[in-house]
$ cat final_5.pdb   # PDB, C-alpha atoms
ATOM      1  CA  MET P  18     -10.874  12.843-140.739
ATOM      2  CA  LYS P  19      -8.835  14.885-143.168
ATOM      3  CA  GLN P  20      -9.986  18.493-143.339
ATOM      4  CA  THR P  21     -10.054  20.207-146.693
ATOM      5  CA  PRO P  22     -11.191  23.780-147.343
ATOM      6  CA  ARG P  23     -14.470  22.410-148.705
ATOM      7  CA  THR P  24     -15.217  20.200-145.669
ATOM      8  CA  ARG P  25     -14.327  23.045-143.291
ATOM      9  CA  LYS P  26     -16.738  25.323-145.160
ATOM     10  CA  VAL P  27     -19.519  22.708-145.104
ATOM     11  CA  ASN P  28     -18.896  22.007-141.391
ATOM     12  CA  GLU P  29     -19.186  25.699-140.566
ATOM     13  CA  SER P  30     -22.301  26.137-142.748
ATOM     14  CA  VAL P  31     -24.005  23.176-141.052
ATOM     15  CA  ARG P  32     -23.022  24.415-137.568
ATOM     16  CA  GLU P  33     -24.327  27.895-138.316
ATOM     17  CA  ALA P  34     -27.593  26.656-139.832
ATOM     18  CA  VAL P  35     -28.359  24.265-136.953
ATOM     19  CA  ALA P  36     -27.553  26.941-134.357
ATOM     20  CA  THR P  37     -29.921  29.366-136.084
ATOM     21  CA  MET P  38     -32.652  26.707-136.307
ATOM     22  CA  LEU P  39     -32.413  25.917-132.594
ATOM     23  CA  LEU P  40     -32.691  29.601-131.813
ATOM     24  CA  GLU P  41     -35.468  30.572-134.216
ATOM     25  CA  ASP P  42     -37.386  27.520-135.488
ATOM     26  CA  ILE P  43     -37.437  24.853-132.774
ATOM     27  CA  ALA P  44     -39.729  25.624-129.833
ATOM     28  CA  ASP P  45     -38.848  22.646-127.597
ATOM     29  CA  PRO P  46     -38.248  23.889-124.024
ATOM     30  CA  ARG P  47     -35.666  21.107-123.517
ATOM     31  CA  LEU P  48     -33.471  22.907-126.050
ATOM     32  CA  ALA P  49     -33.428  26.271-124.282
ATOM     33  CA  LEU P  50     -29.916  27.661-123.798
ATOM     34  CA  VAL P  51     -28.274  25.002-125.960
ATOM     35  CA  THR P  52     -25.163  26.119-127.837
ATOM     36  CA  VAL P  53     -23.947  24.431-131.003
ATOM     37  CA  THR P  54     -20.148  24.297-130.705
ATOM     38  CA  GLY P  55     -19.298  22.404-133.866
ATOM     39  CA  ALA P  56     -20.339  20.159-136.716
ATOM     40  CA  GLU P  57     -18.405  17.440-138.452
ATOM     41  CA  VAL P  58     -19.641  16.136-141.781
ATOM     42  CA  SER P  59     -18.363  12.791-143.059
ATOM     43  CA  PRO P  60     -16.137  12.816-146.181
ATOM     44  CA  ASP P  61     -19.024  11.611-148.365
ATOM     45  CA  PHE P  62     -21.394  14.178-146.761
ATOM     46  CA  SER P  63     -23.862  11.455-145.734
ATOM     47  CA  VAL P  64     -23.631  11.910-141.942
ATOM     48  CA  ALA P  65     -23.181  15.034-139.838
ATOM     49  CA  THR P  66     -22.344  14.983-136.143
ATOM     50  CA  ILE P  67     -23.504  18.111-134.353
ATOM     51  CA  TYR P  68     -21.721  18.978-131.077
ATOM     52  CA  VAL P  69     -23.670  20.899-128.450
ATOM     53  CA  ILE P  70     -23.268  22.128-124.890
ATOM     54  CA  ALA P  71     -25.781  23.120-122.242
ATOM     55  CA  HIS P  72     -25.359  24.313-118.693
ATOM     56  CA  GLY P  73     -26.206  21.619-116.194
ATOM     57  CA  ASP P  74     -25.378  18.112-115.174
ATOM     58  CA  GLU P  75     -25.739  14.685-116.792
ATOM     59  CA  THR P  76     -29.535  14.829-116.385
ATOM     60  CA  ARG P  77     -29.649  18.074-118.347
ATOM     61  CA  TYR P  78     -27.445  16.566-121.069
ATOM     62  CA  ALA P  79     -29.776  13.568-121.389
ATOM     63  CA  GLU P  80     -32.735  15.950-121.636
ATOM     64  CA  VAL P  81     -30.995  17.976-124.363
ATOM     65  CA  LEU P  82     -30.103  14.865-126.379
ATOM     66  CA  ALA P  83     -33.704  13.614-126.096
ATOM     67  CA  GLY P  84     -34.997  16.983-127.337
ATOM     68  CA  LEU P  85     -32.567  16.963-130.264
ATOM     69  CA  GLU P  86     -33.528  13.398-131.198
ATOM     70  CA  SER P  87     -37.208  14.316-131.217
ATOM     71  CA  ALA P  88     -36.525  17.365-133.425
ATOM     72  CA  LYS P  89     -34.036  15.556-135.693
ATOM     73  CA  GLY P  90     -36.429  15.213-138.650
ATOM     74  CA  ARG P  91     -37.441  18.869-138.588
ATOM     75  CA  ILE P  92     -33.819  20.014-138.212
ATOM     76  CA  ARG P  93     -32.736  17.830-141.138
ATOM     77  CA  SER P  94     -35.581  19.132-143.307
ATOM     78  CA  LEU P  95     -34.703  22.761-142.541
ATOM     79  CA  LEU P  96     -30.998  22.013-143.050
ATOM     80  CA  GLY P  97     -31.750  20.709-146.559
ATOM     81  CA  ARG P  98     -33.418  24.017-147.406
ATOM     82  CA  ARG P  99     -30.743  26.260-145.892
ATOM     83  CA  VAL P 100     -27.502  24.555-146.882
ATOM     84  CA  LYS P 101     -27.196  23.757-150.572
ATOM     85  CA  MET P 102     -25.877  20.208-150.776
ATOM     86  CA  ARG P 103     -26.666  17.383-153.151
ATOM     87  CA  LEU P 104     -27.545  15.147-150.195
ATOM     88  CA  THR P 105     -28.861  16.265-146.811
ATOM     89  CA  PRO P 106     -26.805  14.363-144.233
ATOM     90  CA  GLU P 107     -28.230  12.124-141.515
ATOM     91  CA  LEU P 108     -27.839  13.940-138.200
ATOM     92  CA  THR P 109     -26.311  12.621-135.010
ATOM     93  CA  PHE P 110     -25.942  14.717-131.889
ATOM     94  CA  ALA P 111     -23.219  14.594-129.246
ATOM     95  CA  ILE P 112     -22.340  16.561-126.152
ATOM     96  CA  ASP P 113     -19.101  18.520-126.593
ATOM     97  CA  ALA P 114     -17.029  17.407-123.606
ATOM     98  CA  SER P 115     -14.125  19.773-124.346
ATOM     99  CA  VAL P 116     -15.865  22.733-122.705
ATOM    100  CA  ASP P 117     -16.495  20.801-119.475
ATOM    101  CA  GLN P 118     -12.907  19.543-119.484
ATOM    102  CA  GLY P 119     -11.621  23.084-119.901
ATOM    103  CA  MET P 120     -13.763  24.272-116.992
ATOM    104  CA  ARG P 121     -12.465  21.442-114.772
ATOM    105  CA  ILE P 122      -8.872  22.325-115.665
ATOM    106  CA  ALA P 123      -9.477  26.014-114.919
ATOM    107  CA  GLU P 124     -10.982  25.125-111.527
ATOM    108  CA  ALA P 125      -8.057  22.827-110.738
ATOM    109  CA  LEU P 126      -5.597  25.603-111.558
ATOM    110  CA  LYS P 127      -7.418  27.968-109.203
ATOM    111  CA  GLU P 128      -6.923  25.489-106.376
ATOM    112  CA  VAL P 129      -3.140  25.069-106.636
ATOM    113  CA  PRO P 130      -1.742  24.442-103.146
ATOM    114  CA  PRO P 131       0.437  27.277-101.791
ATOM    115  CA  SER P 132       3.313  24.852-101.272
ATOM    116  CA  MET P 133       3.498  24.283-105.041
ATOM    117  CA  LEU P 134       3.487  28.007-105.727
ATOM    118  CA  VAL P 135       6.417  28.616-103.327
ATOM    119  CA  ALA P 136       8.396  25.725-104.813
ATOM    120  CA  GLU P 137       7.853  27.115-108.291
ATOM    121  CA  ASP P 138       9.144  30.570-107.258
ATOM    122  CA  ALA P 139      12.228  29.034-105.626
ATOM    123  CA  GLU P 140      12.972  27.039-108.783
ATOM    124  CA  SER P 141      12.806  30.149-110.972
ATOM    125  CA  ASP P 142      15.184  32.026-108.607
ATOM    126  CA  ALA P 143      17.660  29.142-108.729
ATOM    127  CA  ASP P 144      17.601  29.162-112.526
ATOM    128  CA  GLU P 145      18.831  32.766-112.784
ATOM    129  CA  PRO P 146      22.550  32.750-113.676
ATOM    130  CA  ASN P 147      24.813  35.148-111.804
ATOM    131  CA  GLY P 148      21.990  36.695-109.831
ATOM    132  CA  PRO P 149      22.684  39.317-107.157
ATOM    133  CA  GLY P 150      24.877  37.965-104.400
ATOM    134  CA  ASP P 151      26.141  35.111-106.568
ATOM    135  CA  PRO P 152      29.373  33.709-105.089
ATOM    136  CA  GLY P 153      30.910  33.425-108.576
ATOM    137  CA  GLU P 154      30.560  37.171-109.121
ATOM    138  CA  GLU P 155      33.801  39.176-109.365
ATOM    139  CA  ARG P 156      34.147  42.267-107.189
ATOM    140  CA  ALA P 157      35.409  45.497-108.572
ATOM    141  CA  GLY P 158      37.629  47.323-106.237
TER     142      GLY P 158
END
$ encode --input "final_5.pdb" --output "structure tokens"
Amino acid sequence: MKQTPRTRKVNESVREAVATMLLEDIADPRLALVTVTGAEVSPDFSVATIYVIAHGDETRYAEVLAGLESAKGRIRSLLGRRVKMRLTPELTFAIDASVDQGMRIAEALKEVPPSMLVAEDAESDADEPNGPGDPGEERAG
């Protein structure tokens, strides 16, 4: 979807409002420690997808999505009061997979085999032109 300054502003306003609602207005224990990472409103402002993360596994994610679905009407009602829009968008919720992917990549980088590290150092030494002891080096004398 093409981002314009207006859609970016609306996306951020919706994200902020939903995050505040989950923190202050929704008392569902399934939604404890849920973080709203983003919101994407359709170009005609009729649908908003809210991206969330929660610590845990797939079972926890299913629990969070069920809690959000049950609170969807209340969240939409509060959103209509807090964000001034002609139409309050329908809400859909999705788990933000980018955070989990980033964590998996970080873990994979921590577990780089030593053989790859040594090979990388050797490659960088070979790339240095006219390093010390280079046979092509002229001797002053």
$ atom_distance --input "final_5.pdb" --atom1 "CA of Ala71 (chain P)" --atom2 "CA of Ala88 (chain P)"
16.5 Å
$ closest_residue --input "final_5.pdb" --among "P:Val27, P:Ala65, P:Ala125, P:Val116" --to "Ile92 (chain P)" --atoms "all atoms listed in the file"
P:Ala65
$ resolve_selection --input "final_5.pdb" --expression "the PyMOL selection byres ((chain P and resi 83) around 12)" --output "list in words"
Asp45, Pro46, Arg47, Leu48, Thr76, Arg77, Tyr78, Ala79, Glu80, Val81, Leu82, Gly84, Leu85, Glu86, Ser87, Ala88, Lys89, Thr109, Phe110, Ala111 and Ile112 of chain P
$ resolve_selection --input "final_5.pdb" --expression "the PyMOL selection byres ((chain P and resi 98-106) around 6)" --output "PyMOL selection string"
chain P and resi 62-65+95-97+107
$ closest_residue --input "final_5.pdb" --among "P:Ser30, P:Ser132, P:Ser115, P:Gln20" --to "Ser59 (chain P)" --atoms "all atoms listed in the file"
P:Gln20
$ residues_around --input "final_5.pdb" --residues "Thr37 (chain P)" --least-positions-apart "6" --cutoff "10 Å" --atoms "all atoms listed in the file" --output "ChimeraX atom specification"
/P:31,43,53
$ atom_distance --input "final_5.pdb" --atom1 "CA of Asp74 (chain P)" --atom2 "CA of Ile122 (chain P)"
17.0 Å
$ atom_distance --input "final_5.pdb" --atom1 "CA of Gly119 (chain P)" --atom2 "CA of Gly73 (chain P)"
15.1 Å
$ closest_residue --input "final_5.pdb" --among "P:Pro60, P:Gly90, P:Gly55, P:Pro131" --to "Arg23 (chain P)" --atoms "only C-alpha atoms"
P:Pro60
$ closest_residue --input "final_5.pdb" --among "P:Val35, P:Ala56, P:Met133, P:Leu50" --to "Ile70 (chain P)" --atoms "all atoms listed in the file"
P:Leu50
$ decode --input "final_5.pdb" --residues "region 68-117 of chain P" --atoms "N, CA and C atoms" --output "compact mmCIF listing (two decimals), in the first residue's frame"
# COMPACT_ATOMS: atom_id res chain seq x y z
N TYR P 68 -1.03 -4.92 14.42
CA TYR P 68 0.02 -5.93 14.61
C TYR P 68 0.46 -5.91 16.06
N VAL P 69 0.51 -7.10 16.66
CA VAL P 69 0.86 -7.24 18.07
C VAL P 69 1.92 -8.32 18.25
N ILE P 70 2.62 -8.24 19.38
CA ILE P 70 3.52 -9.32 19.79
C ILE P 70 3.25 -9.62 21.26
N ALA P 71 3.62 -10.84 21.64
CA ALA P 71 3.52 -11.27 23.04
C ALA P 71 4.59 -12.32 23.26
N HIS P 72 5.14 -12.35 24.43
CA HIS P 72 6.16 -13.35 24.72
C HIS P 72 5.49 -14.70 24.90
N GLY P 73 6.03 -15.71 24.25
CA GLY P 73 5.47 -17.05 24.37
C GLY P 73 5.55 -17.79 23.06
N ASP P 74 4.83 -18.90 23.03
CA ASP P 74 4.85 -19.75 21.86
C ASP P 74 3.55 -19.61 21.08
N GLU P 75 3.30 -20.54 20.16
CA GLU P 75 2.11 -20.49 19.32
C GLU P 75 0.82 -20.54 20.16
N THR P 76 0.84 -21.27 21.26
CA THR P 76 -0.34 -21.34 22.13
C THR P 76 -0.65 -19.97 22.71
N ARG P 77 0.38 -19.26 23.12
CA ARG P 77 0.20 -17.91 23.67
C ARG P 77 -0.35 -16.97 22.60
N TYR P 78 0.18 -17.10 21.37
CA TYR P 78 -0.31 -16.25 20.28
C TYR P 78 -1.79 -16.51 20.00
N ALA P 79 -2.20 -17.76 20.01
CA ALA P 79 -3.61 -18.09 19.79
C ALA P 79 -4.47 -17.50 20.90
N GLU P 80 -3.97 -17.56 22.13
CA GLU P 80 -4.68 -16.99 23.27
C GLU P 80 -4.84 -15.48 23.13
N VAL P 81 -3.77 -14.82 22.69
CA VAL P 81 -3.80 -13.36 22.50
C VAL P 81 -4.80 -12.99 21.42
N LEU P 82 -4.75 -13.70 20.29
CA LEU P 82 -5.68 -13.40 19.19
C LEU P 82 -7.13 -13.63 19.61
N ALA P 83 -7.38 -14.67 20.41
CA ALA P 83 -8.74 -14.92 20.91
C ALA P 83 -9.19 -13.78 21.83
N GLY P 84 -8.30 -13.31 22.68
CA GLY P 84 -8.62 -12.19 23.57
C GLY P 84 -8.91 -10.91 22.79
N LEU P 85 -8.12 -10.66 21.75
CA LEU P 85 -8.34 -9.47 20.93
C LEU P 85 -9.65 -9.57 20.16
N GLU P 86 -9.97 -10.75 19.66
CA GLU P 86 -11.24 -10.93 18.94
C GLU P 86 -12.43 -10.70 19.86
N SER P 87 -12.32 -11.16 21.11
CA SER P 87 -13.44 -10.97 22.03
C SER P 87 -13.59 -9.51 22.45
N ALA P 88 -12.50 -8.75 22.42
CA ALA P 88 -12.55 -7.34 22.82
C ALA P 88 -12.66 -6.41 21.61
N LYS P 89 -12.79 -6.96 20.41
CA LYS P 89 -12.78 -6.17 19.18
C LYS P 89 -13.83 -5.06 19.18
N GLY P 90 -15.05 -5.37 19.59
CA GLY P 90 -16.13 -4.38 19.59
C GLY P 90 -15.84 -3.22 20.53
N ARG P 91 -15.36 -3.52 21.71
CA ARG P 91 -15.03 -2.48 22.69
C ARG P 91 -13.87 -1.62 22.19
N ILE P 92 -12.84 -2.28 21.62
CA ILE P 92 -11.68 -1.54 21.10
C ILE P 92 -12.11 -0.61 19.97
N ARG P 93 -12.98 -1.11 19.08
CA ARG P 93 -13.43 -0.29 17.96
C ARG P 93 -14.25 0.91 18.46
N SER P 94 -15.10 0.67 19.45
CA SER P 94 -15.90 1.75 20.01
C SER P 94 -15.02 2.83 20.64
N LEU P 95 -14.03 2.41 21.43
CA LEU P 95 -13.12 3.37 22.05
C LEU P 95 -12.25 4.07 20.99
N LEU P 96 -11.88 3.34 19.95
CA LEU P 96 -11.08 3.94 18.87
C LEU P 96 -11.85 5.06 18.19
N GLY P 97 -13.16 4.84 17.98
CA GLY P 97 -13.99 5.88 17.35
C GLY P 97 -14.07 7.14 18.17
N ARG P 98 -13.96 7.01 19.49
CA ARG P 98 -13.99 8.20 20.36
C ARG P 98 -12.64 8.90 20.43
N ARG P 99 -11.56 8.13 20.32
CA ARG P 99 -10.22 8.70 20.52
C ARG P 99 -9.57 9.23 19.25
N VAL P 100 -9.84 8.60 18.13
CA VAL P 100 -9.22 9.03 16.88
C VAL P 100 -10.32 9.62 16.01
N LYS P 101 -10.19 10.88 15.68
CA LYS P 101 -11.22 11.57 14.91
C LYS P 101 -11.12 11.19 13.44
N MET P 102 -12.04 10.33 13.02
CA MET P 102 -12.12 9.90 11.63
C MET P 102 -13.59 9.89 11.25
N ARG P 103 -13.86 10.07 9.98
CA ARG P 103 -15.25 10.05 9.52
C ARG P 103 -15.86 8.66 9.74
N LEU P 104 -15.05 7.63 9.53
CA LEU P 104 -15.51 6.25 9.65
C LEU P 104 -14.56 5.51 10.57
N THR P 105 -15.08 4.80 11.55
CA THR P 105 -14.23 3.97 12.41
C THR P 105 -13.97 2.67 11.67
N PRO P 106 -12.71 2.32 11.44
CA PRO P 106 -12.41 1.14 10.63
C PRO P 106 -12.74 -0.17 11.35
N GLU P 107 -13.07 -1.19 10.54
CA GLU P 107 -13.18 -2.56 11.05
C GLU P 107 -11.78 -2.96 11.49
N LEU P 108 -11.68 -3.72 12.57
CA LEU P 108 -10.37 -4.10 13.08
C LEU P 108 -10.07 -5.56 12.79
N THR P 109 -8.87 -5.82 12.35
CA THR P 109 -8.34 -7.18 12.25
C THR P 109 -7.03 -7.18 13.03
N PHE P 110 -6.70 -8.31 13.61
CA PHE P 110 -5.50 -8.41 14.42
C PHE P 110 -4.59 -9.47 13.84
N ALA P 111 -3.29 -9.22 13.89
CA ALA P 111 -2.30 -10.16 13.38
C ALA P 111 -1.08 -10.14 14.28
N ILE P 112 -0.42 -11.28 14.35
CA ILE P 112 0.83 -11.37 15.10
C ILE P 112 1.94 -10.82 14.22
N ASP P 113 2.77 -9.95 14.76
CA ASP P 113 3.89 -9.37 14.04
C ASP P 113 5.05 -10.36 14.08
N ALA P 114 5.28 -11.03 12.97
CA ALA P 114 6.32 -12.07 12.91
C ALA P 114 7.71 -11.49 12.78
N SER P 115 7.85 -10.23 12.46
CA SER P 115 9.19 -9.65 12.23
C SER P 115 10.05 -9.69 13.49
N VAL P 116 9.44 -9.53 14.65
CA VAL P 116 10.21 -9.54 15.90
C VAL P 116 10.76 -10.94 16.15
N ASP P 117 9.94 -11.97 15.96
CA ASP P 117 10.41 -13.34 16.15
C ASP P 117 11.50 -13.69 15.14
